[in-house]
Amino acid sequence: MSRRRTPTRIEAHQKAPGQEDMAGSESQRLAVDTSALSSLAPGLGTTGDNVKPGPIPFRPINRPPMALLVVVDDGSTNGMVIRLLQEETTLGREEADVNIPHDSQVSRNHSSILRVSSDGSFRWYLQDNQSSNGTFIRVARTKLKAEQEFLIGSKRFRYHQSSSEKPGGERDTKNSTATTMWTAISMQDLESSMPRLVEQRAGSDDGQSILLNRDQVIIGNEAGLDARIDDPYLDLRHARISTSHDGRWIIEDLNSLNGVWIKVNRVELTAKCEFRIGEQRLLFQPPV
């Protein structure tokens with residue numbers, strides 16, 4: 001008879017050192033954010049100038065290595081440390097291995113961290129379990145996909161491509177040789193054909209719209225910016241949106257305090273990383 005796993009509840013706190021860099025990939029590699037985090041396990045894997053050669057630290061051979069998860073305390077880089085011993089560790093509000101019962105934006109079974117065996121080694125993945133509000137991972141720089149959602153400050157935005165673009169930056173040339181009748185173009189029609197960022201709000205109404213009508217747009221809380229957002233969680237110059245050589249748009253964090261967070265469905269965790277479910281931040285530490 002199988003043993004029932006005991007869920008972890010966010011009540012007692014065990015302190016862990018803070019954060020370091022993060023990385024992930026979801027069809028493309030997400031750049032490592034080295035500014036946001038410091039070491040979760042200081043001293044491991046490091047050597048001093050006068051250290052004599054000696055034996056290497058013990059590592060398991062006949063069992064899977066152990067990764068760590070830190071549920072970060074509010075306003076801190078410390079939190080409760082959870083050792084990931086199972087092939088799947090679920091995160092949620094009520095029906096998960098790690099429960100966060102006080103965050104109503106977290107679904108009952110929100111996301112999972114998966115350990116997958118591959119060619120004699122192990123890989124870890126973060127997977128959203130069709131949650132209501134999504135799972136977001138902190139990035140330093142990444143290309144935006146059609147209808148990509150991201151968090152910046154306290155705002156949530158969706159990237160809309162121009163009406164003439166296909167995924168990957170390709171132009172729609174279907175029926176491009178056909179003759180059409182001339183019609184007047186309104187400013188509204190012109191703006192709707194441009195790539196833009198649209199703020200997502202509760203309900204059906206969209207919020208602020210940011211046109212991407214130049215090669216580079218700076219988002220922040222600084223007066224005079226074309227993409228100024230009045231938000232106390234934003235740096236003066238928080239992030240940059242720019243075009244790449246293939247015509248796609250790239251979002252880049254400008255060493256901001258609170259970061260840029262991209263919505264993901266499933267992403268490989270290749271290094272220490274920071275992600276969010278609801279308003280809860282978590283840190284993943286792969287085996288050293």
# chains A, B, ... in the order shown; residues from 1 in each chain; ligands from 1
call {"tool": "residues_around", "arguments": {"residues": "region 55-67 of chain A", "least_positions_apart": "6", "cutoff": "6 Å", "atoms": "only C-alpha atoms", "output": "list in words"}}
result
Leu84, Gln285, Pro286 and Pro287 of chain A
call {"tool": "write_last_selection", "arguments": {"atoms": "C-alpha atoms", "output": "PDB file, in the first residue's frame"}}
result
ATOM      1  CA  LEU A  84      12.512  18.178  -3.313  1.00  0.00           C
ATOM      2  CA  GLN A 285      18.091  25.648  -6.220  1.00  0.00           C
ATOM      3  CA  PRO A 286      19.307  22.738  -8.382  1.00  0.00           C
ATOM      4  CA  PRO A 287      21.727  20.215  -6.879  1.00  0.00           C
TER       5      PRO A 287
END
call {"tool": "residues_around", "arguments": {"residues": "region 128-133 of chain A", "least_positions_apart": "2", "cutoff": "10 Å", "atoms": "only C-alpha atoms", "output": "list in words"}}
result
Thr90, Leu91, Gly92, Gln105, Val106, Ser107, Arg108, Asn109, His110, Ser111, Ser112, Ile113, Tyr125, Leu126, Thr135, Phe136, Lys263, Val264, Asn265, Arg266, Val267, Ile277 and Gly278 of chain A
call {"tool": "write_last_selection", "arguments": {"atoms": "N, CA and C atoms", "output": "compact mmCIF listing (two decimals), in the first residue's frame"}}
result
# COMPACT_ATOMS: atom_id res chain seq x y z
N THR A 90 4.02 19.29 -6.09
CA THR A 90 2.98 20.22 -6.51
C THR A 90 2.92 21.42 -5.56
N LEU A 91 2.55 22.57 -6.13
CA LEU A 91 2.42 23.82 -5.38
C LEU A 91 1.01 24.34 -5.57
N GLY A 92 0.37 24.76 -4.50
CA GLY A 92 -0.99 25.25 -4.62
C GLY A 92 -1.51 25.83 -3.33
N GLN A 105 -4.94 34.20 -4.88
CA GLN A 105 -4.62 34.18 -6.30
C GLN A 105 -3.93 32.89 -6.73
N VAL A 106 -3.62 32.04 -5.77
CA VAL A 106 -3.02 30.74 -6.05
C VAL A 106 -4.13 29.71 -6.21
N SER A 107 -4.08 28.93 -7.29
CA SER A 107 -5.08 27.88 -7.50
C SER A 107 -4.82 26.72 -6.54
N ARG A 108 -5.83 25.86 -6.39
CA ARG A 108 -5.70 24.73 -5.47
C ARG A 108 -4.50 23.86 -5.82
N ASN A 109 -4.36 23.52 -7.10
CA ASN A 109 -3.19 22.81 -7.61
C ASN A 109 -2.62 23.67 -8.73
N HIS A 110 -1.71 24.57 -8.37
CA HIS A 110 -1.32 25.66 -9.27
C HIS A 110 -0.22 25.25 -10.25
N SER A 111 0.86 24.68 -9.73
CA SER A 111 1.99 24.33 -10.59
C SER A 111 2.76 23.18 -9.97
N SER A 112 3.74 22.67 -10.72
CA SER A 112 4.55 21.54 -10.25
C SER A 112 6.00 21.76 -10.61
N ILE A 113 6.89 21.19 -9.79
CA ILE A 113 8.29 21.04 -10.15
C ILE A 113 8.52 19.56 -10.40
N TYR A 125 11.94 20.68 -14.21
CA TYR A 125 11.05 21.53 -14.99
C TYR A 125 10.02 22.18 -14.07
N LEU A 126 9.67 23.41 -14.40
CA LEU A 126 8.56 24.10 -13.75
C LEU A 126 7.38 24.06 -14.71
N THR A 135 1.72 31.01 -14.04
CA THR A 135 3.01 30.88 -13.37
C THR A 135 4.02 31.74 -14.11
N PHE A 136 4.83 32.52 -13.38
CA PHE A 136 5.73 33.49 -13.98
C PHE A 136 7.14 33.27 -13.47
N LYS A 263 5.26 34.86 -18.26
CA LYS A 263 4.35 33.73 -18.03
C LYS A 263 4.82 32.52 -18.82
N VAL A 264 4.85 31.36 -18.17
CA VAL A 264 5.31 30.13 -18.81
C VAL A 264 4.30 29.02 -18.57
N ASN A 265 4.29 28.06 -19.49
CA ASN A 265 3.50 26.84 -19.31
C ASN A 265 4.37 25.71 -18.78
N ARG A 266 5.53 25.55 -19.38
CA ARG A 266 6.50 24.53 -18.94
C ARG A 266 7.88 25.04 -19.34
N VAL A 267 8.80 25.05 -18.39
CA VAL A 267 10.13 25.60 -18.64
C VAL A 267 11.16 24.77 -17.89
N ILE A 277 3.93 32.38 -8.11
CA ILE A 277 2.56 31.91 -8.27
C ILE A 277 1.71 32.81 -7.37
N GLY A 278 0.64 33.38 -7.91
CA GLY A 278 -0.08 34.39 -7.15
C GLY A 278 0.86 35.53 -6.80
call {"tool": "closest_residue", "arguments": {"among": "A:Phe275, A:Phe284, A:Tyr233, A:Tyr159", "to": "Arg83 (chain A)", "atoms": "only C-alpha atoms"}}
result
A:Phe284
call {"tool": "atom_distance", "arguments": {"atom1": "CA of Ile82 (chain A)", "atom2": "CA of Leu69 (chain A)"}}
result
5.1 Å
call {"tool": "atom_distance", "arguments": {"atom1": "CA of His238 (chain A)", "atom2": "CA of Glu199 (chain A)"}}
result
16.1 Å
call {"tool": "residues_around", "arguments": {"residues": "region 210-213 of chain A", "least_positions_apart": "3", "cutoff": "8 Å", "atoms": "only C-alpha atoms", "output": "list in words"}}
result
Glu191, Met194, Pro195, Arg196, Leu197, Val198, Gln216, Val217 and Ala227 of chain A
call {"tool": "write_last_selection", "arguments": {"atoms": "C-alpha atoms", "output": "CSV table (one decimal), in the first residue's frame"}}
result
chain,number,residue,atom,x,y,z
A,191,GLU,CA,-2.4,52.3,-34.1
A,194,MET,CA,1.1,48.4,-34.7
A,195,PRO,CA,2.7,46.1,-32.1
A,196,ARG,CA,1.8,47.2,-28.6
A,197,LEU,CA,1.6,46.2,-24.9
A,198,VAL,CA,-1.8,46.2,-23.4
A,216,GLN,CA,13.4,51.0,-28.5
A,217,VAL,CA,10.9,51.8,-25.8
A,227,ALA,CA,6.1,54.4,-21.6
call {"tool": "closest_residue", "arguments": {"among": "A:Gln127, A:Ser76, A:Thr89, A:Thr142", "to": "Ser244 (chain A)", "atoms": "only C-alpha atoms"}}
result
A:Thr142
call {"tool": "closest_residue", "arguments": {"among": "A:Ala239, A:Val71, A:Ile250, A:Val98", "to": "Ile152 (chain A)", "atoms": "only C-alpha atoms"}}
result
A:Ala239
call {"tool": "atom_distance", "arguments": {"atom1": "CA of Arg237 (chain A)", "atom2": "CA of Thr270 (chain A)"}}
result
28.5 Å
call {"tool": "select_by_dssp", "arguments": {"residues": "region 81-267 of chain A", "states": "helix (DSSP H, G or I)", "output": "VMD selection string"}}
result
chain A and resid 187 to 192
call {"tool": "write_last_selection", "arguments": {"atoms": "all heavy atoms", "output": "PDB file, in the first residue's frame"}}
result
ATOM      1  N   MET A 187      -6.450  57.192 -37.563  1.00  0.00           N
ATOM      2  CA  MET A 187      -5.386  57.019 -36.586  1.00  0.00           C
ATOM      3  C   MET A 187      -5.620  55.786 -35.733  1.00  0.00           C
ATOM      4  O   MET A 187      -4.681  55.064 -35.379  1.00  0.00           O
ATOM      5  CB  MET A 187      -5.290  58.262 -35.699  1.00  0.00           C
ATOM      6  CG  MET A 187      -4.160  58.192 -34.665  1.00  0.00           C
ATOM      7  SD  MET A 187      -2.522  57.972 -35.416  1.00  0.00           S
ATOM      8  CE  MET A 187      -2.345  59.576 -36.239  1.00  0.00           C
ATOM      9  N   GLN A 188      -6.883  55.497 -35.427  1.00  0.00           N
ATOM     10  CA  GLN A 188      -7.206  54.310 -34.646  1.00  0.00           C
ATOM     11  C   GLN A 188      -6.828  53.041 -35.402  1.00  0.00           C
ATOM     12  O   GLN A 188      -6.273  52.103 -34.829  1.00  0.00           O
ATOM     13  CB  GLN A 188      -8.697  54.293 -34.300  1.00  0.00           C
ATOM     14  CG  GLN A 188      -9.091  53.097 -33.433  1.00  0.00           C
ATOM     15  CD  GLN A 188     -10.568  53.142 -33.051  1.00  0.00           C
ATOM     16  OE1 GLN A 188     -11.300  54.052 -33.433  1.00  0.00           O
ATOM     17  NE2 GLN A 188     -10.997  52.153 -32.288  1.00  0.00           N
ATOM     18  N   ASP A 189      -7.126  53.018 -36.730  1.00  0.00           N
ATOM     19  CA  ASP A 189      -6.754  51.857 -37.543  1.00  0.00           C
ATOM     20  C   ASP A 189      -5.242  51.708 -37.607  1.00  0.00           C
ATOM     21  O   ASP A 189      -4.701  50.598 -37.550  1.00  0.00           O
ATOM     22  CB  ASP A 189      -7.312  51.995 -38.957  1.00  0.00           C
ATOM     23  CG  ASP A 189      -8.829  51.878 -39.003  1.00  0.00           C
ATOM     24  OD1 ASP A 189      -9.392  51.252 -38.082  1.00  0.00           O
ATOM     25  OD2 ASP A 189      -9.441  52.429 -39.945  1.00  0.00           O
ATOM     26  N   LEU A 190      -4.545  52.855 -37.721  1.00  0.00           N
ATOM     27  CA  LEU A 190      -3.093  52.821 -37.810  1.00  0.00           C
ATOM     28  C   LEU A 190      -2.487  52.284 -36.512  1.00  0.00           C
ATOM     29  O   LEU A 190      -1.594  51.426 -36.532  1.00  0.00           O
ATOM     30  CB  LEU A 190      -2.556  54.224 -38.096  1.00  0.00           C
ATOM     31  CG  LEU A 190      -1.042  54.351 -38.273  1.00  0.00           C
ATOM     32  CD1 LEU A 190      -0.557  53.514 -39.440  1.00  0.00           C
ATOM     33  CD2 LEU A 190      -0.649  55.812 -38.451  1.00  0.00           C
ATOM     34  N   GLU A 191      -2.973  52.754 -35.370  1.00  0.00           N
ATOM     35  CA  GLU A 191      -2.434  52.303 -34.096  1.00  0.00           C
ATOM     36  C   GLU A 191      -2.753  50.835 -33.831  1.00  0.00           C
ATOM     37  O   GLU A 191      -1.938  50.107 -33.264  1.00  0.00           O
ATOM     38  CB  GLU A 191      -2.978  53.177 -32.968  1.00  0.00           C
ATOM     39  CG  GLU A 191      -2.443  54.601 -32.984  1.00  0.00           C
ATOM     40  CD  GLU A 191      -2.945  55.425 -31.816  1.00  0.00           C
ATOM     41  OE1 GLU A 191      -3.815  54.910 -31.070  1.00  0.00           O
ATOM     42  OE2 GLU A 191      -2.480  56.568 -31.637  1.00  0.00           O
ATOM     43  N   SER A 192      -3.942  50.400 -34.270  1.00  0.00           N
ATOM     44  CA  SER A 192      -4.321  49.009 -34.035  1.00  0.00           C
ATOM     45  C   SER A 192      -3.479  48.035 -34.857  1.00  0.00           C
ATOM     46  O   SER A 192      -3.406  46.847 -34.535  1.00  0.00           O
ATOM     47  CB  SER A 192      -5.809  48.801 -34.341  1.00  0.00           C
ATOM     48  OG  SER A 192      -6.060  48.995 -35.726  1.00  0.00           O
TER      49      SER A 192
END
